[in-house]
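These notes concern the structure reproduced below.
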Amino acid sequence: MLKTIFLTLSLLIATTVIAQNSIIKGVIKNDNKEVIEGVAVSYLNKGTTTNSNGEYRLTVPGNTEITVVFRHISYNRFTKKVRIPKNKTYRFSPILETKTEEIDEVIVKDTKKDTQGFIKINIAEVTKIPGANSGVENILMTLAGVNNNNELSTQYNVRGGNFDENLVYVNGIEVYRPFLVRSGQQEGLSFVNSAMVKNIKFSAGGFQAKYGDKLSSVLDITYRTPNELTTSIQASLLGGSATIEGSLFKKKLSAILGVRYRDNSLFINSKDVETSAKPTFTDAQTFLSYTVNSKLKIDFLGNLAINNYEYTPLTRRTKFGTIANPLELIVFYEGQEKDKFETVFGALKGSYIINDNLNVSLTTSTYHTVEEEYYDILASYNLGEVNSDFGDDSFGDVAFSEGIGSQLSHARNDIDALISNIELKATYKKNNHQFDVGVKYQIEDIKDRINEWEVIDSVGFSVRPPHHVSNNQPYEPFTGEIVPFQSIKAQNNATIDRLVWFAQYSKNSEWNDHKVWYNLGVRSHNWNVSSNAFETTNQIIYSLRGQFAIKPDWEKDMLFRISGGMYNQPPFYKELRNSNGNVVPTVDAQESIQLVLGNDYSFNLWNRPFKLVSEIYYKNLTNINTYTVDNVKVRYATNNNAKAYATGIDLRLNGEFVPGTESWISIGFLKTEENSDDRGYISRPTDQRFKFGMLFQDYVPNIPNIKMYLNLVFNTGVPGGSPSYANPYDFQNRLNAYKRADIGISYVFTDAKNQYNSGWQKNFKELSIGFEIFNMFDVQNSITNTWVRDVYSKQFFGIPNFMTQRVFNIKLDMKF
């Protein structure tokens with residue numbers, strides 16, 4: 001009885017004490033309305049710090065006058081006396097002023113992302129850097145270890161991986177790409193809307209267990225939660241975008257809406273194929289965040305994308321070969337291609353703060369895509385020798401035809417994919433300890449029809465499929481069935497269920513006077529593939545991962561880190577479908593053991609800050625699902641019969657090469673090879689041995705409002721250009737090196753650093769106008785070949801399909 005009374009009294013007292021508490025919360029910004037991370041908010045001996053969004057939340061005594069102190073080493077100290085009624089929440093969002101007093105050299109850095117192996121990209125640079133596909137991916141292409149030889153595509157290879165080995169998250173939600181895209185000019189807009197982005201983090205390997213099951217990289221995007229009304233407009237000859245953002249209901253609801261439109265005609269019409277093309281891409285995105293109370297917040301992310309690609313080729317003239325043996329391909333086309341990609345994506349996330357140490361979130365999302373790829377194109381070609389006699393009147397004309405024929409390509413491909421999931425996550429923080437756990441269930445319902453064939457006619461004779469038994473045509477008649485040169489016909493209806501969970505532990509500590517951070521985690525992925533056409537299969541894998549970083553207490557500012565573990569990739573639908581279009585449910589997960597050693601060295605050069613980032617990596621890959629790459633289409637063999645490795649070194653030097661601007665130079669060395677069925681090691685399709693990238697910013701010293709941005713990339717050639725049916729062991733030729741320089745020059749009327757209180761410019765927060773030159777040196781790059789048969793020698797010639805030529809663009813940016 002006494003125990004019961006005592007327990008009841010204890011609960012009543014505890015409840016009364018809790019009820020007497022109040023909460024003060026808000027968002028802390030600086031003079032430029034930028035949020036500040038790491039501000040210490042305290043009263044007496046209790047306190048907290050702001051997170052990456054500048055948000056803080058502090059429990060204080062109710063109905064008691066207290067003094068709250070806001071401290072940050074880069075800003076002036078700020079105090080606020082408050083008295084908050086019991087059990088109430090008080091919102092207070094101060095603006096901190098930057099310190100102006102002179103002090104001895106003190107360097108304050110946020111090393112959290114450095115220790116985790118992430119590269120943080122300044123969002124202000126994303127929209128300014130010129131590129132055929134300006135945006136986040138355009139910046140990634142300048143980094144060491146990130147490659148793509150197709151300027152019209154936003155996909156990328158990382159350290160020897162392919163396009164399907166990269167994770168992309170927006171506000172913690174995984175997003176997907178279209179399935180049927182086979183060329184960069186079909187691809188259109190990236191999912192990520194750069195005008196809505198707040199933070200960008202990128203890891204090229206060795207990432208934590210809380211991220212998904214892919215072999216190569218993580219791109220982690222965070223969209224803004226705005227507090228004031230702002231409208232942004234971007235317009236150019238390639239299209240435009242409009243973004244409006246603000247807050248409602250006493251800042252409880254923050255909303256941002258972006259609409260984009262793009263027309264790739266400018267680029268497609270610059271190629272060596274004369275066309276009548278109408279490639280239009282449109283999307284609308286919104287991110288809503290509603291604060292229900294001091295503990296509960298609900299977020300919604302939505303996207304609608306409609307991509308229409310209408311392509312009618314007319315003629316083509318391509319000269320190739322050598323000076324001694326010049327050749328020219330002349331093609332006349334009939335027919336057209338009509339593709340349509342419609343995507344709807346929606347995600348709802350609820351975040352709840354249980355107490356100062358524990359918060360949980362529940363996320364549910366659905367991705368639905370309906371894609372059509374229809375084309376019938378007849379190409380009649382003439383392959384001839386070019387007259388190379390300078391003194392002849394017909395110099396440069398075709399003097400002799402080596403091959404005359406035609407090629408008819410047909411496709412009626414459809415896919416309907418519905419991907420839905422629900423995920424529960426929890427984070428517990430106590431002092432320097434942090435625990436993260438999560439569980440996710442996902443179901444993928446795929447309906448797929450593929451029907452495509454290709455007929456090749458050479459001087460009246462239908463060319464039979466590769467690897468056929470030949471006879472001496474036309475001297476001996478062929479009496480067999482006439483079949484297409486290539487033909488794929490299949491229909492699939494598959495369902496994939498996935499159950500994934502992870503758990504990881506992180507800690508910040510000190511070892512003597514050295515700062516130490518480490519992370520250990522485990523993942524599990526269970527999936528089954530079912531269909532009416534085959535028996536259900538079920539598989540499960542486990543992954544262990546770890547990271548360790550140390551910042552020595554040295555005079556030189558250095559950080560060392562090591563990360564790695566098991567990185568496995570269970571097959572997505574594309575990896576289950578073989579070259580004949582059929583689903584193979586027994587495909588295993590590709591497995592790898594990875595090790596990454598990194599060093600960050602920060603220093604001053606010319607009295608300006610610089611940073612050198614170096615990483616050495618090695619990947620040992622097994623159960624490899626080999627593939628071929630045609631433009632951006634990846635075709636898998638679905639055999640898991642190979643082993644591979646990838647090793648290299650990435651270097652990146654960034655800093656103020658020009659005072660007040662950030663530029664960088666990236667250099668990467670890579671070697672990746674595979675061994676199928678113990679036939680020996682050969683280069684993988686992504687074996688890009690050397691990469692050089694440079695992003696350079698400058699301005700006119702006497703007119704600093706005139707700014708220049710240069711994007712320069714050099715990639716050595718990769719194995720490729722072979723026919724899709726070719727044996728890679730017989731075809732290891734490399735494409736030519738990819739060389740490209742894009743430049744943009746603009747005049748800035750006003751921006752965050754130059755505001756006006758009078759005149760017409762006072763109406764704008766930002767305003768600039770300029771022009772861009774893509775492929776400034778008009779280099780002819782190619783990533784695939786068109787294969788044409790010479791009737792006399794029965795040889796196939798690979799004619800390079802050149803990418804875009806030099807293109808001019810005009811651009812207008814404004815914010816008000």
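Just so we're on the same page: first chain in the structure tokens is A, next is B, and so on; residues restart at 1 for each chain, and ligands are numbered from 1 in the order they show up.
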Run DSSP on the backbone and grab whatever in stretch 647-771 of chain A lands in strand (DSSP E or B); send it over as number ranges by chain. A: 647-655, 663-676, 681-683, 690-700, 703-715, 719, 734, 738-751, 754, 766-771
What's around A:Val170 at 9 Å? Count only C-alpha atoms, leave out sequence neighbours fewer than 5 positions away in its own chain, and write the answer as a PDB file with C-alpha atoms, in the first residue's frame.
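Saved file around_6.pdb follows:
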```
ATOM      1  CA  VAL A 175      14.186   9.087 -56.147  1.00  0.00           C
ATOM      2  CA  VAL A 192      16.536  17.610 -58.785  1.00  0.00           C
ATOM      3  CA  LEU A 219      23.908  12.240 -53.755  1.00  0.00           C
ATOM      4  CA  ASP A 220      22.025  13.695 -50.775  1.00  0.00           C
ATOM      5  CA  ILE A 221      19.894  16.756 -51.580  1.00  0.00           C
ATOM      6  CA  THR A 222      17.976  18.916 -49.104  1.00  0.00           C
ATOM      7  CA  TYR A 223      15.265  21.300 -50.289  1.00  0.00           C
ATOM      8  CA  LEU A 301       7.356  16.324 -51.586  1.00  0.00           C
TER       9      LEU A 301
END
```
Quick one: contact table of stretch 524-581 of chain A to stretch 587-602 of chain A, 10 Å max, nearest atom pair and distance in Å to one decimal per residue, counting only C-alpha atoms, chain and number order, as a tab-separated table?
```
residue	atom	partner	partner_atom	distance
A:His525	CA	A:Ala589	CA	10.0
A:Val529	CA	A:Val587	CA	9.9
A:Thr537	CA	A:Val587	CA	9.5
A:Gln539	CA	A:Asp588	CA	7.9
A:Ile540	CA	A:Ala589	CA	8.9
A:Ile541	CA	A:Ala589	CA	7.9
A:Ser543	CA	A:Glu591	CA	9.5
A:Leu544	CA	A:Ile593	CA	9.7
A:Arg545	CA	A:Gln594	CA	9.3
A:Gly546	CA	A:Leu595	CA	9.9
A:Gln547	CA	A:Val596	CA	9.4
A:Phe548	CA	A:Leu597	CA	9.9
A:Ala549	CA	A:Gly598	CA	9.1
A:Ile550	CA	A:Asn599	CA	9.8
A:Lys551	CA	A:Asp600	CA	9.5
A:Lys556	CA	A:Ser602	CA	7.7
A:Asp557	CA	A:Ser602	CA	5.4
A:Met558	CA	A:Tyr601	CA	4.6
A:Leu559	CA	A:Asp600	CA	5.0
A:Phe560	CA	A:Asn599	CA	4.6
A:Arg561	CA	A:Gly598	CA	5.1
A:Ile562	CA	A:Leu597	CA	4.7
A:Ser563	CA	A:Val596	CA	5.3
A:Gly564	CA	A:Leu595	CA	4.4
A:Gly565	CA	A:Gln594	CA	5.5
A:Met566	CA	A:Ile593	CA	4.7
A:Tyr567	CA	A:Ser592	CA	5.3
A:Asn568	CA	A:Glu591	CA	4.4
A:Gln569	CA	A:Gln590	CA	5.1
A:Pro570	CA	A:Ala589	CA	4.0
A:Pro571	CA	A:Ala589	CA	5.8
A:Phe572	CA	A:Ala589	CA	9.5
A:Glu575	CA	A:Val587	CA	8.0
A:Leu576	CA	A:Val587	CA	6.3
A:Arg577	CA	A:Val587	CA	9.4
```
Could you please take those selected residues and save N, CA, C and O atoms as a CSV table (one decimal), in the first residue's frame?
```csv
chain,number,residue,atom,x,y,z
A,525,HIS,N,19.0,-6.7,-46.3
A,525,HIS,CA,18.2,-6.4,-47.5
A,525,HIS,C,17.6,-7.8,-47.9
A,525,HIS,O,18.3,-8.7,-48.4
A,529,VAL,N,11.2,-12.0,-55.9
A,529,VAL,CA,10.7,-11.6,-57.2
A,529,VAL,C,9.6,-12.6,-57.6
A,529,VAL,O,9.9,-13.9,-57.5
A,537,THR,N,11.2,-16.3,-56.2
A,537,THR,CA,12.5,-16.4,-55.6
A,537,THR,C,12.7,-15.5,-54.4
A,537,THR,O,12.2,-14.4,-54.4
A,539,GLN,N,15.8,-13.9,-51.6
A,539,GLN,CA,17.2,-13.8,-51.2
A,539,GLN,C,17.3,-12.8,-50.1
A,539,GLN,O,16.5,-11.9,-50.0
A,540,ILE,N,18.5,-12.9,-49.4
A,540,ILE,CA,18.8,-11.9,-48.4
A,540,ILE,C,20.3,-11.7,-48.3
A,540,ILE,O,21.0,-12.6,-48.5
A,541,ILE,N,20.7,-10.5,-48.0
A,541,ILE,CA,22.1,-10.1,-47.9
A,541,ILE,C,22.3,-9.2,-46.7
A,541,ILE,O,21.3,-8.6,-46.2
A,543,SER,N,25.2,-6.4,-44.9
A,543,SER,CA,26.3,-5.5,-45.2
A,543,SER,C,26.8,-4.9,-43.9
A,543,SER,O,26.0,-4.3,-43.1
A,544,LEU,N,28.1,-4.9,-43.7
A,544,LEU,CA,28.8,-4.2,-42.5
A,544,LEU,C,29.6,-3.1,-43.1
A,544,LEU,O,30.4,-3.3,-44.0
A,545,ARG,N,29.5,-1.9,-42.5
A,545,ARG,CA,30.2,-0.7,-42.9
A,545,ARG,C,30.8,0.1,-41.7
A,545,ARG,O,30.2,0.0,-40.7
A,546,GLY,N,31.9,0.8,-42.0
A,546,GLY,CA,32.5,1.6,-40.9
A,546,GLY,C,33.2,2.8,-41.5
A,546,GLY,O,33.7,2.8,-42.6
A,547,GLN,N,33.4,3.8,-40.6
A,547,GLN,CA,34.1,5.0,-40.9
A,547,GLN,C,34.9,5.4,-39.7
A,547,GLN,O,34.5,5.3,-38.6
A,548,PHE,N,36.1,5.9,-39.9
A,548,PHE,CA,36.9,6.5,-38.9
A,548,PHE,C,37.7,7.7,-39.4
A,548,PHE,O,38.2,7.7,-40.5
A,549,ALA,N,37.6,8.8,-38.6
A,549,ALA,CA,38.3,10.0,-39.0
A,549,ALA,C,39.0,10.6,-37.8
A,549,ALA,O,38.5,10.5,-36.6
A,550,ILE,N,40.2,11.2,-38.0
A,550,ILE,CA,40.9,11.8,-37.0
A,550,ILE,C,41.5,13.2,-37.5
A,550,ILE,O,42.0,13.2,-38.6
A,551,LYS,N,41.3,14.2,-36.6
A,551,LYS,CA,41.9,15.5,-36.9
A,551,LYS,C,43.0,15.8,-35.9
A,551,LYS,O,42.7,16.1,-34.8
A,556,LYS,N,49.5,22.2,-38.8
A,556,LYS,CA,48.9,22.1,-40.1
A,556,LYS,C,47.5,21.6,-40.0
A,556,LYS,O,47.3,20.7,-39.2
A,557,ASP,N,46.6,22.1,-40.7
A,557,ASP,CA,45.2,21.8,-40.6
A,557,ASP,C,44.9,20.5,-41.5
A,557,ASP,O,44.8,20.7,-42.7
A,558,MET,N,44.9,19.4,-40.9
A,558,MET,CA,44.8,18.1,-41.7
A,558,MET,C,43.7,17.3,-41.0
A,558,MET,O,43.5,17.3,-39.8
A,559,LEU,N,43.1,16.5,-41.9
A,559,LEU,CA,42.1,15.5,-41.5
A,559,LEU,C,42.4,14.2,-42.2
A,559,LEU,O,42.5,14.2,-43.4
A,560,PHE,N,42.4,13.1,-41.5
A,560,PHE,CA,42.6,11.8,-42.1
A,560,PHE,C,41.4,10.9,-41.8
A,560,PHE,O,40.8,11.0,-40.8
A,561,ARG,N,41.0,10.1,-42.8
A,561,ARG,CA,39.9,9.2,-42.7
A,561,ARG,C,40.1,7.9,-43.4
A,561,ARG,O,40.8,7.9,-44.4
A,562,ILE,N,39.4,6.9,-42.9
A,562,ILE,CA,39.4,5.6,-43.6
A,562,ILE,C,37.9,5.1,-43.5
A,562,ILE,O,37.3,5.2,-42.4
A,563,SER,N,37.4,4.5,-44.5
A,563,SER,CA,36.1,4.0,-44.6
A,563,SER,C,36.0,2.8,-45.5
A,563,SER,O,36.9,2.6,-46.4
A,564,GLY,N,35.0,2.1,-45.3
A,564,GLY,CA,34.8,0.9,-46.2
A,564,GLY,C,33.8,-0.1,-45.6
A,564,GLY,O,33.1,0.2,-44.7
A,565,GLY,N,33.9,-1.3,-46.2
A,565,GLY,CA,33.0,-2.4,-45.7
A,565,GLY,C,32.4,-3.1,-46.9
A,565,GLY,O,33.0,-3.2,-48.0
A,566,MET,N,31.2,-3.6,-46.7
A,566,MET,CA,30.5,-4.4,-47.7
A,566,MET,C,29.4,-3.6,-48.3
A,566,MET,O,28.6,-3.0,-47.6
A,567,TYR,N,29.5,-3.4,-49.6
A,567,TYR,CA,28.5,-2.7,-50.4
A,567,TYR,C,28.0,-3.6,-51.4
A,567,TYR,O,28.6,-4.0,-52.4
A,568,ASN,N,26.7,-4.0,-51.2
A,568,ASN,CA,26.0,-4.9,-52.1
A,568,ASN,C,24.9,-4.3,-52.8
A,568,ASN,O,24.3,-3.3,-52.3
A,569,GLN,N,24.6,-4.8,-54.0
A,569,GLN,CA,23.5,-4.2,-54.8
A,569,GLN,C,22.5,-5.3,-55.3
A,569,GLN,O,22.8,-5.9,-56.3
A,570,PRO,N,21.4,-5.4,-54.6
A,570,PRO,CA,20.4,-6.3,-55.1
A,570,PRO,C,19.8,-5.8,-56.4
A,570,PRO,O,19.8,-4.6,-56.6
A,571,PRO,N,19.4,-6.7,-57.3
A,571,PRO,CA,19.0,-6.3,-58.6
A,571,PRO,C,17.7,-5.5,-58.6
A,571,PRO,O,16.7,-5.8,-57.9
A,572,PHE,N,17.7,-4.4,-59.3
A,572,PHE,CA,16.5,-3.6,-59.6
A,572,PHE,C,15.9,-4.3,-60.9
A,572,PHE,O,16.6,-5.2,-61.5
A,575,GLU,N,18.1,-4.7,-64.0
A,575,GLU,CA,19.2,-5.7,-63.9
A,575,GLU,C,18.7,-7.1,-63.9
A,575,GLU,O,19.5,-8.1,-64.0
A,576,LEU,N,17.3,-7.3,-63.9
A,576,LEU,CA,16.8,-8.7,-64.0
A,576,LEU,C,16.4,-9.0,-65.4
A,576,LEU,O,16.1,-10.2,-65.7
A,577,ARG,N,16.4,-8.0,-66.3
A,577,ARG,CA,16.0,-8.2,-67.7
A,577,ARG,C,17.2,-8.5,-68.6
A,577,ARG,O,18.1,-7.6,-68.6
```
What is the distance between atom CA of A:Asn785 and atom CA of A:Arg449, in Å to one decimal?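 Taking atom CA of A:Asn785 and atom CA of A:Arg449, their separation equals 26.6 Å.
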Using only C-alpha atoms, tabulate the residues of stretch 658-730 of chain A lying at most 8 Å from any atom of stretch 646-650 of chain A, each with its closest atom pair and that distance in Å to one decimal, by chain and increasing residue number, as JSON lines.
```
{"residue": "A:Ser666", "atom": "CA", "partner": "A:Asp650", "partner_atom": "CA", "distance": 7.5}
{"residue": "A:Ile667", "atom": "CA", "partner": "A:Asp650", "partner_atom": "CA", "distance": 6.0}
{"residue": "A:Gly668", "atom": "CA", "partner": "A:Asp650", "partner_atom": "CA", "distance": 4.5}
{"residue": "A:Phe669", "atom": "CA", "partner": "A:Gly648", "partner_atom": "CA", "distance": 5.2}
{"residue": "A:Leu670", "atom": "CA", "partner": "A:Gly648", "partner_atom": "CA", "distance": 4.3}
{"residue": "A:Lys671", "atom": "CA", "partner": "A:Thr647", "partner_atom": "CA", "distance": 5.6}
{"residue": "A:Thr672", "atom": "CA", "partner": "A:Ala646", "partner_atom": "CA", "distance": 4.1}
{"residue": "A:Glu673", "atom": "CA", "partner": "A:Ala646", "partner_atom": "CA", "distance": 6.8}
```
Near A:Thr536, within 10 Å and counting only C-alpha atoms, which residues show up once chain neighbours fewer than 5 positions away are dropped, as a PDB file with C-alpha atoms, in the first residue's frame?
```pdb
ATOM      1  CA  ALA A 494       6.844  -8.851 -62.266  1.00  0.00           C
ATOM      2  CA  THR A 495       6.486  -7.872 -58.628  1.00  0.00           C
ATOM      3  CA  ILE A 496       9.445  -7.274 -56.320  1.00  0.00           C
ATOM      4  CA  ASN A 528      11.688 -11.679 -53.558  1.00  0.00           C
ATOM      5  CA  VAL A 529      10.696 -11.624 -57.225  1.00  0.00           C
ATOM      6  CA  SER A 530       7.334 -13.065 -58.249  1.00  0.00           C
ATOM      7  CA  SER A 531       5.339 -13.434 -61.444  1.00  0.00           C
ATOM      8  CA  PRO A 585      14.402 -13.819 -61.217  1.00  0.00           C
ATOM      9  CA  THR A 586      17.428 -15.743 -59.929  1.00  0.00           C
TER      10      THR A 586
END
```
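The space separating atom CA of A:Ala426 from atom CA of A:Gly117 comes to 22.5 Å.
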Contacts of A:His433 at 10 Å (only C-alpha atoms; same-chain gap of 5+ positions) as a list in words: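 Everything that qualifies: Tyr428, Tyr505, Ser506, Lys507, Asn508 and Ser509 of chain A.
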Resulting file, chosen residues, N, CA and C atoms, as a PDB file, in the first residue's frame:
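Final output, result.pdb:
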```
ATOM      1  N   TYR A 428      18.722   8.717 -31.925  1.00  0.00           N
ATOM      2  CA  TYR A 428      18.896   9.003 -30.502  1.00  0.00           C
ATOM      3  C   TYR A 428      20.268   9.639 -30.309  1.00  0.00           C
ATOM      4  N   TYR A 505      25.923   3.305 -35.314  1.00  0.00           N
ATOM      5  CA  TYR A 505      26.331   4.046 -34.118  1.00  0.00           C
ATOM      6  C   TYR A 505      27.467   4.990 -34.499  1.00  0.00           C
ATOM      7  N   SER A 506      27.377   6.240 -34.038  1.00  0.00           N
ATOM      8  CA  SER A 506      28.409   7.243 -34.322  1.00  0.00           C
ATOM      9  C   SER A 506      28.826   7.916 -33.019  1.00  0.00           C
ATOM     10  N   LYS A 507      30.076   8.357 -32.983  1.00  0.00           N
ATOM     11  CA  LYS A 507      30.558   9.035 -31.782  1.00  0.00           C
ATOM     12  C   LYS A 507      31.647  10.032 -32.137  1.00  0.00           C
ATOM     13  N   ASN A 508      31.567  11.206 -31.504  1.00  0.00           N
ATOM     14  CA  ASN A 508      32.639  12.193 -31.522  1.00  0.00           C
ATOM     15  C   ASN A 508      33.377  12.106 -30.195  1.00  0.00           C
ATOM     16  N   SER A 509      34.685  12.109 -30.242  1.00  0.00           N
ATOM     17  CA  SER A 509      35.446  12.060 -28.997  1.00  0.00           C
ATOM     18  C   SER A 509      36.822  12.679 -29.226  1.00  0.00           C
TER      19      SER A 509
END
```
